[in-house]
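Down below is the structure, laid out as structure tokens.
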Amino acid sequence: MAAGSGSRGQGRGVCVKLLCVWSVCSALTAAYLLYLPLPGTISEPLKLMIVAAAFRGVSSLGDMGQSLGVVHHIRLINSAITGFESLVPLDYEEVQVEDLEFSGVQVRLYQPGTDAQPGLRRAVVFIHGGGWSLGVPKVGSYDLLCRKMAVKLNAVVVTVDYRMAPDVRFPVQFEECLQASRFFLQPEVLQRYSVDPQRVAVCGDSAGGNLAAAVAQQIGKDNSTAEKFKLQVLIYPVLQPLDFNTASYQQNQRIPILYRELMAHYWLEYLGADPDLIHSLLLNNHTARDQKLLEPHRAKIDWTKMIPKDKKKEYKPVVPSKGSPGILQQVPALLDVRAAPLLADLEVLKFAPRAYIMTGEHDVLRDDGLMYTHRLQQAGVSVTNHHYEGGFHGCVSFAFWPSYFDVGIRAVDDYIAWLQEHL
């Protein structure tokens, strides 16, 4: 009897030890998967590590699916994003919502509830981000953002549900956003929705900021469009594919959720270019000194002359003496201002609307926003640059459930307050 009890005791001891070993191994595995070395000044780093791990997991599944020939990785990632965003609780339910077509382009139109202030209203055309290939504007965080703008600004908000890569490539995304904007800016359409034609803004985040800037430029210089945007709000916009070694690209190349290599990948996907060009782009071989096609644009992307000294730090420009011949000829859209609004001439920029440009210190696209701030000011356009020292790419989308990043909440409230004051 005593011997049996001893055996059972030893068995329990072995189980406890195995459980301890399993717990330690699980903890180490979780730490390995979650841990990222992040700067101490970034907003809520532990929370960001969890978000980044989830995004890496979905991206890995997408890459696996594509390598097996099952599904394009972007479609799998978008399915995961859609599933997650559908879990976000609805808010601002008093807002009236309609799904419409503007010149054949899918849009969703938000109007304040029936108890809103009477009279003519502001309006905002919102263009979502996601690397021109990801994003679900009608559910989740983007839907909540548009509802919040409609309520807080007593505004009509139009979100453009443009088609995305890999189904379509540049310039389709730009053209659909332009078509929808032109349709909405027609006097009879603005009148239909009780919109003051002098109080319409365009707004976008990331790739949506790219599209918003390009659309604002086109409408600004277009004499056939009677009504113009009064303001543009660009939230950590991507504005050029010619220098992947700006100070912010060098500083933040491994900071989630937008890594340097991933941004180059999005550009190639958007422009329909050979994905094998990614290594040449990351080396700036397409903008080497021997690339004559770039000469008219070099000064427009010279970040050493356009960003504040404290942002340059110890980083140096990367300009190879010899590059990869033929890239700019092979992918002419790299120099197209509709894809790269930073390359617009001052004669075009002077017609752009007053701007609010949000940048984050821990974002590879920080210097795109800072350079565009400088160039717009050169053209005589009033610009407010709101820079967040703890900001990272995508933080506005994480202002809502379940992450509630403080820097994202502040960023949303700040740009809405700016619109409240100036629109």
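Note on naming: chains are A, B, ... as they come in the structure tokens, residues start from 1 per chain, ligands start from 1 in the order shown.
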request  = Write out as JSON, numbers by chain which residues come within 8 Å of Leu38 (chain A) when counting only C-alpha atoms, dropping same-chain ones fewer than 4 positions away.
outcome  = {"A": [42, 45, 255]}
C-alpha atoms of the current selection, written as a compact mmCIF listing (two decimals), in the first residue's frame:
# COMPACT_ATOMS: atom_id res chain seq x y z
CA ILE A 42 6.68 54.72 -28.83
CA PRO A 45 4.84 49.26 -26.75
CA ILE A 255 8.92 49.25 -36.50
**OP:** Using DSSP on the backbone, list every residue of region 191-347 of chain A that comes out as strand (DSSP E), and give them as an NGL selection string.
**Re:** :A and (195-205 or 231-235)
Please produce a file of the residues just selected, as an mmCIF file, in the first residue's frame, where the atoms kept are C-alpha atoms.
data_model
loop_
_atom_site.group_PDB
_atom_site.id
_atom_site.type_symbol
_atom_site.label_atom_id
_atom_site.label_comp_id
_atom_site.auth_asym_id
_atom_site.auth_seq_id
_atom_site.Cartn_x
_atom_site.Cartn_y
_atom_site.Cartn_z
ATOM 1 C CA VAL A 195 -23.902 70.665 -48.108
ATOM 2 C CA ASP A 196 -22.306 74.112 -48.109
ATOM 3 C CA PRO A 197 -20.139 74.090 -51.280
ATOM 4 C CA GLN A 198 -17.548 76.268 -49.523
ATOM 5 C CA ARG A 199 -17.063 73.746 -46.697
ATOM 6 C CA VAL A 200 -15.974 70.452 -48.260
ATOM 7 C CA ALA A 201 -12.761 68.638 -47.281
ATOM 8 C CA VAL A 202 -10.947 65.542 -48.497
ATOM 9 C CA CYS A 203 -9.285 63.238 -45.991
ATOM 10 C CA GLY A 204 -7.313 60.002 -46.128
ATOM 11 C CA ASP A 205 -4.904 57.872 -44.147
ATOM 12 C CA LEU A 231 -9.211 71.612 -46.933
ATOM 13 C CA GLN A 232 -7.235 68.388 -47.117
ATOM 14 C CA VAL A 233 -6.368 66.154 -44.154
ATOM 15 C CA LEU A 234 -3.526 63.719 -44.803
ATOM 16 C CA ILE A 235 -2.933 61.160 -42.054
#
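Distances from A:Lys322, A:Asp115, A:Leu242, A:Phe392 to Phe405 (chain A) were compared using only C-alpha atoms, and the smallest one belongs to A:Phe392.
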Would you pick out the contacts of Asp345 (chain A) at 12 Å or less, using only C-alpha atoms, so that residues sharing its chain but fewer than 2 positions from it are not included, and give the list as a PDB file with C-alpha atoms, in the first residue's frame?
ATOM      1  CA  GLN A 217      -4.092  68.340 -56.720  1.00  0.00           C
ATOM      2  CA  LYS A 221      -5.888  72.602 -61.133  1.00  0.00           C
ATOM      3  CA  PRO A 296      13.683  66.884 -62.981  1.00  0.00           C
ATOM      4  CA  HIS A 297      12.546  65.433 -59.651  1.00  0.00           C
ATOM      5  CA  ALA A 299      15.188  68.278 -55.589  1.00  0.00           C
ATOM      6  CA  LYS A 300      11.591  67.287 -54.809  1.00  0.00           C
ATOM      7  CA  ASP A 336       3.680  59.799 -62.258  1.00  0.00           C
ATOM      8  CA  VAL A 337       2.395  62.565 -59.970  1.00  0.00           C
ATOM      9  CA  ALA A 340       3.520  60.169 -56.271  1.00  0.00           C
ATOM     10  CA  PRO A 341       1.950  63.533 -55.283  1.00  0.00           C
ATOM     11  CA  LEU A 342       5.231  64.740 -53.764  1.00  0.00           C
ATOM     12  CA  LEU A 343       6.587  65.098 -57.326  1.00  0.00           C
ATOM     13  CA  GLU A 347       2.648  75.505 -60.225  1.00  0.00           C
ATOM     14  CA  VAL A 348       0.291  72.608 -59.425  1.00  0.00           C
ATOM     15  CA  LEU A 349       0.774  72.662 -55.668  1.00  0.00           C
ATOM     16  CA  LYS A 350      -0.207  76.327 -55.400  1.00  0.00           C
ATOM     17  CA  PHE A 351      -3.786  75.337 -56.280  1.00  0.00           C
ATOM     18  CA  ALA A 352      -3.931  72.669 -53.554  1.00  0.00           C
ATOM     19  CA  TYR A 372       5.132  67.466 -48.499  1.00  0.00           C
ATOM     20  CA  ARG A 375       6.799  71.704 -50.609  1.00  0.00           C
ATOM     21  CA  LEU A 376       3.246  72.912 -50.040  1.00  0.00           C
ATOM     22  CA  GLN A 378       7.015  76.595 -50.752  1.00  0.00           C
ATOM     23  CA  ALA A 379       4.005  76.886 -53.062  1.00  0.00           C
TER      24      ALA A 379
END
Would you mind listing what lies within 10 Å of Asp302 (chain A) as JSON, numbers by chain, with only C-alpha atoms counted and same-chain residues fewer than 6 positions away left out? {"A": [243, 246, 317, 371]}
Of A:Val71, A:Ala180, A:Val381, A:Met164, the one sitting nearest Leu346 (chain A) when using only C-alpha atoms is A:Val381
* **DSSP-assigned alpha helix (DSSP H) members of region 45-234 of chain A, reported as a PyMOL selection string** => chain A and resi 45-67+73-85+140-152+172-184+187-192+207-221
Store the residues picked out above, limited to C-alpha atoms, as a PDB file, in the first residue's frame.
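Output (selection.pdb):
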ATOM      1  CA  PRO A  45       4.836  49.255 -26.753  1.00  0.00           C
ATOM      2  CA  LEU A  46       3.501  46.036 -25.188  1.00  0.00           C
ATOM      3  CA  LYS A  47       0.115  46.520 -26.778  1.00  0.00           C
ATOM      4  CA  LEU A  48       1.801  47.263 -30.109  1.00  0.00           C
ATOM      5  CA  MET A  49       3.824  44.033 -29.849  1.00  0.00           C
ATOM      6  CA  ILE A  50       0.593  42.048 -29.537  1.00  0.00           C
ATOM      7  CA  VAL A  51      -0.967  43.815 -32.532  1.00  0.00           C
ATOM      8  CA  ALA A  52       2.216  43.301 -34.569  1.00  0.00           C
ATOM      9  CA  ALA A  53       2.339  39.592 -33.696  1.00  0.00           C
ATOM     10  CA  ALA A  54      -1.252  39.140 -34.863  1.00  0.00           C
ATOM     11  CA  PHE A  55      -0.501  40.958 -38.106  1.00  0.00           C
ATOM     12  CA  ARG A  56       2.644  38.882 -38.684  1.00  0.00           C
ATOM     13  CA  GLY A  57       0.660  35.703 -38.120  1.00  0.00           C
ATOM     14  CA  VAL A  58      -1.998  36.641 -40.668  1.00  0.00           C
ATOM     15  CA  SER A  59       0.661  37.770 -43.148  1.00  0.00           C
ATOM     16  CA  SER A  60       2.500  34.466 -42.766  1.00  0.00           C
ATOM     17  CA  LEU A  61      -0.697  32.558 -43.458  1.00  0.00           C
ATOM     18  CA  GLY A  62      -1.249  34.700 -46.543  1.00  0.00           C
ATOM     19  CA  ASP A  63       2.278  34.015 -47.801  1.00  0.00           C
ATOM     20  CA  MET A  64       1.805  30.284 -47.159  1.00  0.00           C
ATOM     21  CA  GLY A  65      -1.495  30.253 -49.037  1.00  0.00           C
ATOM     22  CA  GLN A  66       0.067  31.983 -52.021  1.00  0.00           C
ATOM     23  CA  SER A  67       3.150  29.745 -52.078  1.00  0.00           C
ATOM     24  CA  HIS A  73      -1.904  36.437 -50.080  1.00  0.00           C
ATOM     25  CA  ILE A  74      -3.665  39.824 -50.180  1.00  0.00           C
ATOM     26  CA  ARG A  75      -7.078  38.176 -50.498  1.00  0.00           C
ATOM     27  CA  LEU A  76      -6.424  35.965 -47.484  1.00  0.00           C
ATOM     28  CA  ILE A  77      -5.196  38.919 -45.409  1.00  0.00           C
ATOM     29  CA  ASN A  78      -8.219  40.975 -46.444  1.00  0.00           C
ATOM     30  CA  SER A  79     -10.551  38.137 -45.443  1.00  0.00           C
ATOM     31  CA  ALA A  80      -8.932  38.042 -42.004  1.00  0.00           C
ATOM     32  CA  ILE A  81      -9.195  41.841 -41.666  1.00  0.00           C
ATOM     33  CA  THR A  82     -12.857  41.759 -42.705  1.00  0.00           C
ATOM     34  CA  GLY A  83     -13.612  39.034 -40.170  1.00  0.00           C
ATOM     35  CA  PHE A  84     -11.885  40.942 -37.390  1.00  0.00           C
ATOM     36  CA  GLU A  85     -13.400  44.332 -38.288  1.00  0.00           C
ATOM     37  CA  GLY A 140     -15.172  48.275 -38.197  1.00  0.00           C
ATOM     38  CA  SER A 141     -12.784  51.097 -37.425  1.00  0.00           C
ATOM     39  CA  TYR A 142     -13.196  53.015 -40.695  1.00  0.00           C
ATOM     40  CA  ASP A 143     -16.976  52.877 -40.381  1.00  0.00           C
ATOM     41  CA  LEU A 144     -16.764  54.150 -36.800  1.00  0.00           C
ATOM     42  CA  LEU A 145     -14.362  56.914 -37.838  1.00  0.00           C
ATOM     43  CA  CYS A 146     -16.774  58.160 -40.507  1.00  0.00           C
ATOM     44  CA  ARG A 147     -19.729  57.964 -38.132  1.00  0.00           C
ATOM     45  CA  LYS A 148     -17.774  59.943 -35.547  1.00  0.00           C
ATOM     46  CA  MET A 149     -16.888  62.649 -38.094  1.00  0.00           C
ATOM     47  CA  ALA A 150     -20.523  62.895 -39.164  1.00  0.00           C
ATOM     48  CA  VAL A 151     -21.663  63.436 -35.555  1.00  0.00           C
ATOM     49  CA  LYS A 152     -18.834  65.622 -34.229  1.00  0.00           C
ATOM     50  CA  VAL A 172      -7.724  52.721 -61.272  1.00  0.00           C
ATOM     51  CA  GLN A 173      -7.696  53.461 -57.523  1.00  0.00           C
ATOM     52  CA  PHE A 174      -6.828  57.106 -58.192  1.00  0.00           C
ATOM     53  CA  GLU A 175      -9.376  57.436 -61.001  1.00  0.00           C
ATOM     54  CA  GLU A 176     -12.218  56.004 -58.939  1.00  0.00           C
ATOM     55  CA  CYS A 177     -11.503  58.352 -56.034  1.00  0.00           C
ATOM     56  CA  LEU A 178     -11.331  61.272 -58.469  1.00  0.00           C
ATOM     57  CA  GLN A 179     -14.589  60.244 -60.182  1.00  0.00           C
ATOM     58  CA  ALA A 180     -16.445  59.929 -56.877  1.00  0.00           C
ATOM     59  CA  SER A 181     -15.088  63.275 -55.656  1.00  0.00           C
ATOM     60  CA  ARG A 182     -16.015  65.102 -58.842  1.00  0.00           C
ATOM     61  CA  PHE A 183     -19.521  63.646 -58.722  1.00  0.00           C
ATOM     62  CA  PHE A 184     -20.036  64.709 -55.113  1.00  0.00           C
ATOM     63  CA  PRO A 187     -23.621  71.787 -57.212  1.00  0.00           C
ATOM     64  CA  GLU A 188     -26.824  69.763 -57.597  1.00  0.00           C
ATOM     65  CA  VAL A 189     -25.409  66.850 -55.574  1.00  0.00           C
ATOM     66  CA  LEU A 190     -24.183  69.106 -52.781  1.00  0.00           C
ATOM     67  CA  GLN A 191     -27.590  70.768 -52.747  1.00  0.00           C
ATOM     68  CA  ARG A 192     -29.321  67.377 -52.534  1.00  0.00           C
ATOM     69  CA  ALA A 207      -2.449  55.066 -49.041  1.00  0.00           C
ATOM     70  CA  GLY A 208      -5.738  56.919 -48.651  1.00  0.00           C
ATOM     71  CA  GLY A 209      -3.681  60.014 -47.833  1.00  0.00           C
ATOM     72  CA  ASN A 210      -1.792  59.422 -51.071  1.00  0.00           C
ATOM     73  CA  LEU A 211      -5.056  59.261 -53.012  1.00  0.00           C
ATOM     74  CA  ALA A 212      -6.509  62.268 -51.172  1.00  0.00           C
ATOM     75  CA  ALA A 213      -3.435  64.386 -51.967  1.00  0.00           C
ATOM     76  CA  ALA A 214      -3.450  63.326 -55.636  1.00  0.00           C
ATOM     77  CA  VAL A 215      -7.197  63.979 -55.985  1.00  0.00           C
ATOM     78  CA  ALA A 216      -6.870  67.383 -54.277  1.00  0.00           C
ATOM     79  CA  GLN A 217      -4.092  68.340 -56.720  1.00  0.00           C
ATOM     80  CA  GLN A 218      -6.114  67.254 -59.751  1.00  0.00           C
ATOM     81  CA  ILE A 219      -9.294  69.032 -58.674  1.00  0.00           C
ATOM     82  CA  GLY A 220      -7.337  72.118 -57.651  1.00  0.00           C
ATOM     83  CA  LYS A 221      -5.888  72.602 -61.133  1.00  0.00           C
TER      84      LYS A 221
END
Original post:
If you count only C-alpha atoms, which residues fall within 12 Å of Ala247 (chain A), apart from same-chain ones fewer than 4 positions away, as a ChimeraX atom specification?
Top reply: /A:243,251-253,260,301-318,361-368,370-371
May I have the residues from that selection written out with C-alpha atoms, as a CSV table (one decimal), in the first residue's frame?
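Writing the result to again36.csv gives the following:
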chain,number,residue,atom,x,y,z
A,243,ASP,CA,13.6,57.0,-51.8
A,251,GLN,CA,15.2,54.8,-38.4
A,252,ASN,CA,11.9,52.9,-38.5
A,253,GLN,CA,12.5,50.1,-41.0
A,260,ARG,CA,10.2,49.3,-44.9
A,301,ILE,CA,12.7,64.2,-52.8
A,302,ASP,CA,15.9,65.6,-51.2
A,303,TRP,CA,14.9,65.1,-47.6
A,304,THR,CA,18.2,66.5,-46.4
A,305,LYS,CA,17.0,70.0,-47.3
A,306,MET,CA,13.3,69.6,-46.3
A,307,ILE,CA,13.0,67.9,-42.9
A,308,PRO,CA,14.0,69.5,-39.6
A,309,LYS,CA,17.5,69.0,-38.4
A,310,ASP,CA,16.4,67.0,-35.3
A,311,LYS,CA,14.8,64.5,-37.6
A,312,LYS,CA,17.9,63.9,-39.7
A,313,LYS,CA,19.9,62.7,-36.8
A,314,GLU,CA,23.0,60.8,-38.0
A,315,TYR,CA,21.3,59.4,-41.1
A,316,LYS,CA,22.8,60.0,-44.5
A,317,PRO,CA,21.2,59.9,-47.9
A,318,VAL,CA,21.6,56.7,-50.0
A,361,GLU,CA,8.0,59.8,-35.2
A,362,HIS,CA,8.0,56.0,-35.4
A,363,ASP,CA,6.7,55.7,-38.9
A,364,VAL,CA,8.7,55.0,-42.1
A,365,LEU,CA,6.4,57.5,-43.9
A,366,ARG,CA,7.2,60.4,-41.4
A,367,ASP,CA,9.5,62.1,-43.9
A,368,ASP,CA,7.0,61.8,-46.8
A,370,LEU,CA,7.4,66.4,-43.6
A,371,MET,CA,8.6,66.8,-47.2
Give me the residues within 6 Å of Gln96 (chain A) as a list in words, counting only C-alpha atoms and dropping any in the same chain fewer than 4 places off. Tyr110, Gln111 and Gly113 of chain A
